[in-house]
file run.txt (compact mmCIF, C-alpha atoms)
# COMPACT_ATOMS: atom_id res chain seq x y z
CA MET X 1 -73.54 65.46 -20.54
CA ALA X 2 -73.86 61.66 -20.60
CA ASP X 3 -73.03 61.61 -24.31
CA SER X 4 -69.60 63.06 -23.53
CA LEU X 5 -68.70 60.14 -21.25
CA PRO X 6 -66.59 57.34 -22.78
CA THR X 7 -68.05 53.92 -23.32
CA VAL X 8 -66.93 51.38 -20.71
CA THR X 9 -66.50 47.61 -20.80
CA VAL X 10 -66.35 45.88 -17.43
CA ILE X 11 -64.43 42.59 -17.55
CA MET X 12 -65.11 40.01 -14.84
CA PRO X 13 -62.80 36.96 -14.92
CA VAL X 14 -64.51 34.30 -12.77
CA TYR X 15 -64.11 30.69 -11.72
CA ASN X 16 -66.44 28.97 -9.24
CA GLU X 17 -67.79 32.19 -7.76
CA ALA X 18 -71.35 31.01 -7.09
CA ALA X 19 -71.24 32.22 -3.48
CA THR X 20 -70.42 35.82 -4.41
CA ILE X 21 -71.25 36.40 -8.08
CA GLU X 22 -74.80 37.59 -7.42
CA ARG X 23 -73.58 40.45 -5.26
CA ALA X 24 -70.52 41.18 -7.42
CA LEU X 25 -72.35 41.29 -10.76
CA GLY X 26 -75.36 42.99 -9.20
CA ALA X 27 -73.11 45.82 -8.02
CA VAL X 28 -71.74 46.25 -11.55
CA LEU X 29 -75.20 46.35 -13.10
CA ALA X 30 -76.32 48.90 -10.49
CA GLN X 31 -73.63 51.46 -11.41
CA ASP X 32 -74.74 55.07 -11.70
CA TYR X 33 -72.94 55.26 -15.06
CA PRO X 34 -75.24 55.68 -18.10
CA PRO X 35 -76.49 52.15 -18.92
CA ASP X 36 -76.21 52.73 -22.67
CA ARG X 37 -72.49 53.42 -22.30
CA LEU X 38 -71.68 50.34 -20.21
CA ASP X 39 -71.37 46.66 -21.08
CA VAL X 40 -70.15 43.68 -19.06
CA LEU X 41 -68.09 40.66 -20.13
CA VAL X 42 -68.17 37.72 -17.71
CA VAL X 43 -65.21 35.53 -18.67
CA ASP X 44 -65.70 32.12 -17.09
CA GLY X 45 -62.88 29.63 -16.54
CA GLY X 46 -65.07 26.51 -16.65
CA SER X 47 -66.99 26.92 -13.40
CA ASP X 48 -68.79 23.80 -12.19
CA ASP X 49 -70.54 25.24 -9.12
CA GLY X 50 -73.45 27.01 -10.82
CA THR X 51 -71.69 30.32 -11.37
CA LEU X 52 -72.95 30.71 -14.93
CA ASP X 53 -76.50 29.79 -13.94
CA ALA X 54 -76.33 32.57 -11.36
CA VAL X 55 -74.95 35.00 -13.96
CA ARG X 56 -77.80 34.22 -16.35
CA ALA X 57 -80.37 34.58 -13.59
CA ILE X 58 -78.98 37.94 -12.48
CA ALA X 59 -78.52 39.35 -15.98
CA GLY X 60 -81.86 38.10 -17.28
CA ASP X 61 -82.51 39.79 -20.62
CA ASP X 62 -80.03 42.60 -19.96
CA PRO X 63 -78.25 43.04 -23.32
CA ARG X 64 -75.25 44.61 -21.61
CA VAL X 65 -74.06 41.24 -20.24
CA ARG X 66 -72.14 38.74 -22.38
CA ILE X 67 -70.48 35.49 -21.31
CA LEU X 68 -67.11 34.39 -22.68
CA HIS X 69 -65.35 31.10 -21.99
CA ASN X 70 -61.77 30.83 -20.77
CA PRO X 71 -60.52 27.24 -21.14
CA ALA X 72 -57.10 28.17 -19.69
CA ARG X 73 -58.78 29.25 -16.40
CA ARG X 74 -56.03 31.68 -15.36
CA GLN X 75 -57.07 35.26 -14.72
CA ALA X 76 -54.52 36.66 -17.15
CA HIS X 77 -56.00 34.57 -19.97
CA GLY X 78 -59.50 35.66 -19.01
CA LEU X 79 -58.54 39.32 -18.93
CA ASN X 80 -56.89 39.11 -22.34
CA LEU X 81 -59.94 37.39 -23.82
CA GLY X 82 -62.13 40.14 -22.40
CA ILE X 83 -59.88 42.92 -23.67
CA ALA X 84 -59.91 41.41 -27.18
CA ALA X 85 -63.72 41.30 -27.16
CA ALA X 86 -64.27 44.65 -25.43
CA GLU X 87 -66.10 47.44 -27.21
CA GLY X 88 -65.61 50.21 -24.64
CA ALA X 89 -63.03 53.00 -24.82
CA VAL X 90 -62.28 52.32 -21.15
CA ILE X 91 -61.66 48.88 -19.66
CA VAL X 92 -62.67 48.29 -16.03
CA ARG X 93 -61.80 45.13 -14.13
CA VAL X 94 -64.01 43.65 -11.41
CA ASP X 95 -63.42 40.20 -9.93
CA GLY X 96 -66.15 37.76 -8.98
CA HIS X 97 -65.43 38.15 -5.26
CA THR X 98 -65.13 41.95 -5.18
CA PHE X 99 -68.02 44.29 -4.54
CA VAL X 100 -67.78 47.76 -6.03
CA ALA X 101 -69.51 50.94 -4.89
CA PRO X 102 -72.35 52.33 -7.07
CA ASP X 103 -70.07 55.11 -8.37
CA TYR X 104 -67.04 52.85 -8.99
CA VAL X 105 -67.04 53.08 -12.78
CA ARG X 106 -67.80 56.80 -12.82
CA ARG X 107 -64.96 57.60 -10.43
CA CYS X 108 -62.51 55.38 -12.33
CA VAL X 109 -63.35 57.24 -15.54
CA HIS X 110 -63.09 60.60 -13.77
CA HIS X 111 -59.62 59.91 -12.33
CA LEU X 112 -58.27 58.59 -15.62
CA ALA X 113 -59.33 61.83 -17.29
CA ALA X 114 -58.38 64.17 -14.44
CA THR X 115 -54.88 62.79 -13.85
CA GLY X 116 -53.95 61.56 -17.33
CA ALA X 117 -53.01 58.22 -15.75
CA GLU X 118 -52.94 55.02 -17.78
CA HIS X 119 -54.30 53.00 -14.86
CA ALA X 120 -56.46 54.20 -11.97
CA GLY X 121 -57.93 52.30 -9.05
CA GLY X 122 -58.79 52.44 -5.38
CA PRO X 123 -57.38 50.86 -2.24
CA LEU X 124 -58.38 47.29 -1.47
CA ARG X 125 -60.73 47.04 1.50
CA ALA X 126 -61.15 43.47 2.69
CA ALA X 127 -64.40 42.35 4.34
CA ALA X 128 -65.57 38.93 5.48
CA HIS X 129 -68.40 37.08 7.22
CA THR X 130 -66.71 34.52 9.52
CA PRO X 131 -64.61 35.23 12.65
CA LEU X 132 -61.43 33.93 11.01
CA GLY X 133 -62.29 35.64 7.73
CA ARG X 134 -62.71 38.97 9.54
CA ALA X 135 -59.33 38.48 11.22
CA ILE X 136 -57.79 37.80 7.79
CA ALA X 137 -59.47 40.94 6.46
CA ALA X 138 -58.05 42.95 9.36
CA ALA X 139 -54.56 41.56 8.63
CA TYR X 140 -54.87 42.77 5.03
CA ARG X 141 -55.15 46.31 6.35
CA SER X 142 -51.97 46.02 8.41
CA PRO X 143 -48.59 47.07 6.97
CA PHE X 144 -47.12 44.10 8.86
CA GLY X 145 -49.42 41.68 7.05
CA VAL X 146 -49.55 43.10 3.53
CA PRO X 147 -47.03 45.96 3.20
CA SER X 148 -48.52 47.46 0.07
CA ARG X 149 -49.87 50.96 -0.28
CA PHE X 150 -53.04 49.86 -2.07
CA SER X 151 -54.20 47.95 1.03
CA THR X 152 -53.02 50.34 3.74
CA SER X 153 -53.02 53.91 2.37
CA ALA X 154 -55.84 56.46 2.37
CA ARG X 155 -53.85 59.08 0.43
CA ALA X 156 -54.35 59.78 -3.27
CA GLY X 157 -51.34 59.83 -5.54
CA PHE X 158 -49.28 58.07 -8.15
CA THR X 159 -47.95 54.67 -7.14
CA ASP X 160 -46.48 51.44 -8.53
CA THR X 161 -49.71 49.45 -8.84
CA VAL X 162 -53.36 49.36 -7.78
CA PRO X 163 -55.84 46.49 -7.55
CA LEU X 164 -58.38 46.09 -10.36
CA GLY X 165 -59.32 49.62 -11.53
CA ALA X 166 -59.53 50.97 -15.06
CA TRP X 167 -57.41 51.62 -18.14
CA PRO X 168 -57.95 53.50 -21.40
CA ARG X 169 -58.30 50.74 -23.95
CA ALA X 170 -55.43 52.21 -25.98
CA VAL X 171 -53.00 51.22 -23.19
CA PHE X 172 -53.24 47.57 -24.20
CA SER X 173 -52.26 48.40 -27.76
CA GLN X 174 -49.21 50.20 -26.42
CA VAL X 175 -47.89 47.79 -23.77
CA GLY X 176 -49.76 44.57 -24.55
CA GLY X 177 -52.08 42.49 -22.40
CA PHE X 178 -51.47 40.53 -19.21
CA ASN X 179 -48.63 38.01 -19.01
CA THR X 180 -50.20 34.55 -19.15
CA ASP X 181 -46.98 32.82 -18.08
CA LEU X 182 -47.23 34.15 -14.53
CA ALA X 183 -48.68 32.09 -11.68
CA ALA X 184 -49.89 35.35 -10.11
CA ASN X 185 -48.86 39.01 -9.81
CA GLU X 186 -49.84 39.67 -13.41
CA ASP X 187 -51.39 42.98 -12.36
CA TYR X 188 -48.14 44.27 -10.85
CA GLU X 189 -46.17 43.12 -13.89
CA HIS X 190 -48.59 44.91 -16.22
CA SER X 191 -48.39 48.10 -14.15
CA TYR X 192 -44.60 47.91 -14.31
CA ARG X 193 -44.70 47.74 -18.11
CA ILE X 194 -47.02 50.75 -18.14
CA ARG X 195 -44.55 52.72 -16.02
CA GLN X 196 -41.60 51.59 -18.12
CA ALA X 197 -43.39 52.93 -21.18
CA GLY X 198 -43.75 56.34 -19.52
CA GLY X 199 -47.26 55.85 -18.17
CA ARG X 200 -48.55 56.40 -14.65
CA VAL X 201 -50.66 54.50 -12.13
CA TYR X 202 -52.97 56.47 -9.83
CA LEU X 203 -54.42 55.46 -6.46
CA ALA X 204 -57.67 57.25 -5.54
CA PRO X 205 -59.26 56.45 -2.15
CA ASP X 206 -62.69 57.55 -3.36
CA ILE X 207 -62.72 54.60 -5.81
CA ARG X 208 -64.30 52.17 -3.38
CA LEU X 209 -64.40 48.40 -3.51
CA GLU X 210 -64.64 45.56 -1.02
CA TYR X 211 -62.76 42.29 -1.42
CA LEU X 212 -63.76 38.95 0.09
CA PRO X 213 -60.53 37.30 1.28
CA ARG X 214 -59.98 33.61 1.94
CA GLN X 215 -61.95 32.36 4.93
CA THR X 216 -59.55 29.64 6.12
CA LEU X 217 -55.85 29.48 6.92
CA GLY X 218 -55.42 26.72 4.33
CA GLY X 219 -57.00 28.84 1.61
CA LEU X 220 -54.92 31.84 2.69
CA ALA X 221 -51.72 29.77 2.59
CA ARG X 222 -52.44 28.50 -0.92
CA GLN X 223 -53.21 32.03 -2.10
CA TYR X 224 -50.02 33.55 -0.72
CA PHE X 225 -47.89 30.63 -1.85
CA ARG X 226 -49.12 31.41 -5.36
CA TYR X 227 -48.46 35.13 -4.79
CA GLY X 228 -44.90 34.36 -3.73
CA ARG X 229 -44.33 32.28 -6.86
CA GLY X 230 -45.73 35.03 -9.05
CA LYS X 231 -43.60 37.72 -7.42
CA CYS X 232 -40.45 35.65 -7.96
CA GLN X 233 -41.34 35.24 -11.64
CA VAL X 234 -41.87 38.99 -12.04
CA LEU X 235 -38.61 39.89 -10.30
CA LEU X 236 -36.67 37.47 -12.47
CA LEU X 237 -38.22 39.07 -15.55
CA TYR X 238 -37.77 42.65 -14.31
CA PRO X 239 -35.16 42.90 -11.52
CA ARG X 240 -35.53 46.69 -11.47
CA SER X 241 -39.17 46.35 -10.42
CA ALA X 242 -38.05 45.09 -7.01
CA ARG X 243 -38.95 46.98 -3.85
CA PRO X 244 -37.50 46.28 -0.38
CA ARG X 245 -40.86 44.97 0.83
CA HIS X 246 -40.72 42.19 -1.75
CA PHE X 247 -37.76 40.56 0.01
CA VAL X 248 -38.87 40.69 3.64
CA ALA X 249 -40.88 37.45 3.71
CA PRO X 250 -38.38 35.49 1.53
CA ALA X 251 -35.49 36.66 3.72
CA PHE X 252 -37.37 35.64 6.87
CA VAL X 253 -38.17 32.18 5.48
CA ALA X 254 -34.58 31.69 4.27
CA ALA X 255 -33.17 32.68 7.68
CA LEU X 256 -35.69 30.49 9.45
CA ALA X 257 -34.84 27.46 7.32
CA ALA X 258 -31.08 28.01 7.49
CA GLY X 259 -31.22 28.43 11.26
CA ALA X 260 -33.22 25.24 11.71
CA LEU X 261 -30.61 23.32 9.71
CA LEU X 262 -27.49 24.82 11.31
CA ALA X 263 -28.63 25.43 14.89
CA PRO X 264 -27.93 21.82 15.97
CA VAL X 265 -24.25 22.14 14.96
CA SER X 266 -23.52 25.75 15.93
CA ARG X 267 -24.31 27.48 19.21
CA THR X 268 -23.88 30.87 17.62
CA VAL X 269 -26.39 30.05 14.90
CA ALA X 270 -28.73 28.59 17.51
CA ARG X 271 -28.64 31.85 19.51
CA LEU X 272 -29.21 33.93 16.39
CA TRP X 273 -32.05 31.65 15.32
CA ARG X 274 -33.77 31.95 18.70
CA ALA X 275 -33.28 35.72 18.55
CA LEU X 276 -34.91 35.79 15.12
CA LEU X 277 -37.90 33.83 16.41
CA ALA X 278 -38.20 36.10 19.41
CA ALA X 279 -37.96 39.25 17.28
CA TYR X 280 -40.61 37.99 14.88
CA GLY X 281 -42.85 36.96 17.76
CA LEU X 282 -42.52 40.40 19.34
CA ALA X 283 -43.18 42.19 16.02
CA SER X 284 -46.19 39.95 15.37
CA ALA X 285 -47.58 40.60 18.85
CA ILE X 286 -47.21 44.37 18.49
CA ALA X 287 -48.79 44.31 15.01
CA SER X 288 -51.61 42.06 16.24
CA ILE X 289 -52.42 44.37 19.15
CA ASP X 290 -52.35 47.43 16.89
CA THR X 291 -54.51 45.72 14.25
CA ALA X 292 -57.03 44.49 16.83
CA ARG X 293 -57.16 47.96 18.38
CA ARG X 294 -58.05 49.47 15.01
CA SER X 295 -60.60 46.78 14.12
CA GLU X 296 -61.98 44.40 16.77
CA TRP X 297 -60.25 43.03 19.88
CA GLN X 298 -61.77 39.61 19.29
CA HIS X 299 -59.36 39.20 16.35
CA LEU X 300 -56.32 39.34 18.62
CA PRO X 301 -55.88 35.57 19.25
CA ARG X 302 -56.14 34.77 15.53
CA LEU X 303 -53.96 37.52 14.08
CA PRO X 304 -50.53 35.99 14.88
CA LEU X 305 -51.56 32.82 13.02
CA VAL X 306 -52.84 34.85 10.10
CA PHE X 307 -49.65 36.93 9.87
CA ALA X 308 -47.45 33.82 10.08
CA THR X 309 -49.48 32.09 7.37
CA ILE X 310 -49.11 35.06 5.01
CA HIS X 311 -45.38 35.46 5.58
CA LEU X 312 -44.38 31.79 5.54
CA ALA X 313 -46.52 30.89 2.52
CA TRP X 314 -45.38 33.93 0.53
CA GLY X 315 -41.71 33.35 1.34
CA ALA X 316 -41.89 29.62 0.66
CA GLY X 317 -43.63 30.18 -2.67
CA PHE X 318 -40.93 32.68 -3.64
CA TRP X 319 -38.04 30.26 -2.97
CA ILE X 320 -39.71 27.22 -4.51
CA GLU X 321 -40.34 29.18 -7.70
CA TRP X 322 -36.76 30.44 -7.64
CA GLY X 323 -35.60 26.83 -7.46
CA ARG X 324 -37.90 25.85 -10.32
CA GLN X 325 -36.55 28.67 -12.45
CA LEU X 326 -32.93 27.87 -11.56
CA ALA X 327 -33.15 24.16 -12.44
CA PRO X 328 -33.80 24.66 -16.21
CA GLU X 329 -31.00 27.25 -16.30
CA ARG X 330 -28.58 24.72 -14.85
CA ARG X 331 -29.67 22.11 -17.36
CA ARG X 332 -29.08 24.55 -20.22
CA ARG X 333 -25.59 25.29 -18.95
call {"tool": "encode", "arguments": {"input": "run.txt", "output": "structure tokens"}}
result
Amino acid sequence: MADSLPTVTVIMPVYNEAATIERALGAVLAQDYPPDRLDVLVVDGGSDDGTLDAVRAIAGDDPRVRILHNPARRQAHGLNLGIAAAEGAVIVRVDGHTFVAPDYVRRCVHHLAATGAEHAGGPLRAAAHTPLGRAIAAAYRSPFGVPSRFSTSARAGFTDTVPLGAWPRAVFSQVGGFNTDLAANEDYEHSYRIRQAGGRVYLAPDIRLEYLPRQTLGGLARQYFRYGRGKCQVLLLYPRSARPRHFVAPAFVAALAAGALLAPVSRTVARLWRALLAAYGLASAIASIDTARRSEWQHLPRLPLVFATIHLAWGAGFWIEWGRQLAPERRRR
């Protein structure tokens, strides 16, 4: 039975993950998949916090674990290096701050075979260890905070993208690797190319993984600013990949900024601007109460700040990247 299972290479792009790599890599090495059909590539982006020392200590003499070096540091570069060096027929991605269930690899392989999908993964379940971190994790599970099916849905089915997950290795020969020019969102862009080539992406709730989100508002803001930049880059490359949810935060930030500039000179704009702030405040309060009800009430005072950080950083990153992309175009003209 085990001999009929495909060989699997798990790729872990990491950078300064000393705090979480022991648990993350340990979960990969503890998979219930046949050990002789599984190998692990840890692709390090120049960590200087002891990450590689921790990897070597965890792996010990385990021949399944190899370390590759990624001088470019970006995840897309690390993933492409891992794919090029992979020996498995199936590629599985696990990040250094994600913790997969013991059957993660087996279920990924099962759903690829059962559905014929070119990419299969499970919903992202955020978990944290500080009060603010737990509030951030709760916001991830709210459609108001992160309106994406892979963080809010418990239903199986084909979708536009999934976090991490698995691919038949042949997919990368067909559509190429990850786009190294993107600041972020390289996973969504790759899924879009798969779908454009006639492939499918499958979300399976029984593929279980936990994700450790940022633990501070500053870290969250930097993360979502980068996400906003990456989404703008992807939409400029592939306008047809756009979904209505991609424009909500940028539209809010644009309206907020325009109102702040014009409100002093126009009473009508001032009234509309105040109405916008009131509407957002009301929506944030309702979403915060609903999110706290479904998680823990102690998160309630923090959730409005978390939601605002996500939306403002994402929208600002989107418009700043749009301006950066527009400036070279103007110079060329």
call {"tool": "closest_residue", "arguments": {"input": "run.txt", "among": "X:Arg93, X:His311, X:Arg267, X:His111", "to": "Pro250 of chain X", "atoms": "only C-alpha atoms"}}
result
X:His311
call {"tool": "atom_distance", "arguments": {"input": "run.txt", "atom1": "atom CA of Leu220 of chain X", "atom2": "atom CA of Ala126 of chain X"}}
result
13.2 Å
call {"tool": "closest_residue", "arguments": {"input": "run.txt", "among": "X:Arg240, X:His246, X:Arg229, X:His119", "to": "Gln325 of chain X", "atoms": "all atoms listed in the file"}}
result
X:Arg229
call {"tool": "residues_around", "arguments": {"input": "run.txt", "residues": "Arg222 of chain X", "least_positions_apart": "5", "cutoff": "9 Å", "atoms": "all atoms listed in the file", "output": "list in words"}}
result
Leu217, Tyr227 and Ala313 of chain X
call {"tool": "residues_near_point", "arguments": {"input": "run.txt", "point": "(-38.1, 32.2, 12.6)", "cutoff": "8 Å", "atoms": "all atoms listed in the file", "output": "JSON, numbers by chain"}}
result
{"X": [252, 253, 255, 256, 257, 259, 273, 274, 276, 277, 278, 280]}
call {"tool": "residues_around", "arguments": {"input": "run.txt", "residues": "Phe318 of chain X", "least_positions_apart": "6", "cutoff": "12 Å", "atoms": "only C-alpha atoms", "output": "list in words"}}
result
Ala183, Ala184, Asn185, Tyr224, Phe225, Arg226, Tyr227, Gly228, Arg229, Gly230, Lys231, Cys232, Gln233, Val234, Leu235, Leu236, His246, Phe247, Val248, Ala249, Pro250, Ala251, Phe252, Val253, Ala254, His311, Leu312, Arg324 and Gln325 of chain X
call {"tool": "closest_residue", "arguments": {"input": "run.txt", "among": "X:Ala30, X:Val175, X:Ala138, X:Ile289", "to": "Gln196 of chain X", "atoms": "only C-alpha atoms"}}
result
X:Val175
